[in-house]
Amino acid sequence: MTDKPAPNQNILHTVALTILEVSTIASLIFLLIAGQHQSSWLLKLLFVGWVFSSFAGLFMFERHFKQSAYKVQRRVQRLLIGVSLASLIFYSTMFLPALTKPAFIFLLTPLLSWMLIVISFFVLRQQDSEQ
C-alpha cells in the first residue's frame, strides 16, 4: 500500500498553520493584557520570548517533518492544532476569577508545550525512520 497524500492534506495543513498563527497572536495579546501593570520592560520581554518560543518551536517542528511520510505529517498537523488550541485555552484562564496568578500560567504552559514537542519529535522521528 502506498503512502499517498489525501486531497484534504493541504486543507489540514492550512488549518493547522492558521490555528498556530492565530493562537500565537492571541496568546501574546493575553500576555500583554495580563502584564499591563508590570513596570519592568525586561520582564515583559522575557515573558514574550518564553511564550512565543513554544509557538516558534511548533512551527520549526512542522517544518522538520515537511518531507516526511503522509501519516507522520498528519500527526504533526494534529499536534500543531492540539497544542495551539490547548495553549490558547490555558492562557484564556487568566480571565477567570483569580485561581492562580497569571504569571504561573504563562510560565507553565510553554514548559508543557516544549515537553510535548520534544517527546513528539523523538517519537515521530522514530516512526518516520521506520516507514
# chains A, B, ... in the order shown; residues from 1 in each chain; ligands from 1

$ select_by_dssp --residues "chain A" --states "alpha helix (DSSP H)" --output "ChimeraX atom specification"
/A:9-34,41-64,70-92,102-130

$ residues_around --residues "segment 38-49 of chain A" --least-positions-apart "2" --cutoff "12 Å" --atoms "only C-alpha atoms" --output "PyMOL selection string"
chain A and resi 24-25+27-36+51-57+102-110

$ residues_around --residues "Val76 of chain A" --least-positions-apart "3" --cutoff "8 Å" --atoms "only C-alpha atoms" --output "PyMOL selection string"
chain A and resi 61-62+65+72-73+79-80

$ write_last_selection --atoms "N, CA and C atoms" --output "compact mmCIF listing (two decimals), in the first residue's frame"
# COMPACT_ATOMS: atom_id res chain seq x y z
N PHE A 61 9.07 22.52 14.26
CA PHE A 61 8.71 21.11 14.33
C PHE A 61 7.99 20.70 13.05
N GLU A 62 7.02 21.52 12.64
CA GLU A 62 6.25 21.23 11.42
C GLU A 62 7.17 21.26 10.20
N PHE A 65 9.36 18.05 9.70
CA PHE A 65 8.68 16.86 9.19
C PHE A 65 7.94 17.12 7.88
N VAL A 72 2.92 10.64 9.12
CA VAL A 72 3.69 11.43 10.09
C VAL A 72 3.30 12.91 9.96
N GLN A 73 3.16 13.39 8.75
CA GLN A 73 2.75 14.77 8.55
C GLN A 73 1.39 15.05 9.18
N LEU A 79 -0.91 17.58 16.04
CA LEU A 79 -0.21 18.08 17.23
C LEU A 79 -0.18 19.60 17.23
N LEU A 80 0.08 20.22 16.09
CA LEU A 80 0.06 21.67 15.99
C LEU A 80 -1.29 22.22 16.42

$ closest_residue --among "A:Ala26, A:Leu58, A:Ala69, A:Leu116" --to "Ser92 of chain A" --atoms "only C-alpha atoms"
A:Ala26

$ closest_residue --among "A:Ser129, A:Ser87, A:Asn10, A:Gln77" --to "Phe59 of chain A" --atoms "only C-alpha atoms"
A:Gln77

$ residues_around --residues "Ser23 of chain A" --least-positions-apart "4" --cutoff "7 Å" --atoms "only C-alpha atoms" --output "list of chain:residue names"
A:Ile19, A:Ser27, A:Ser84, A:Leu85, A:Leu88
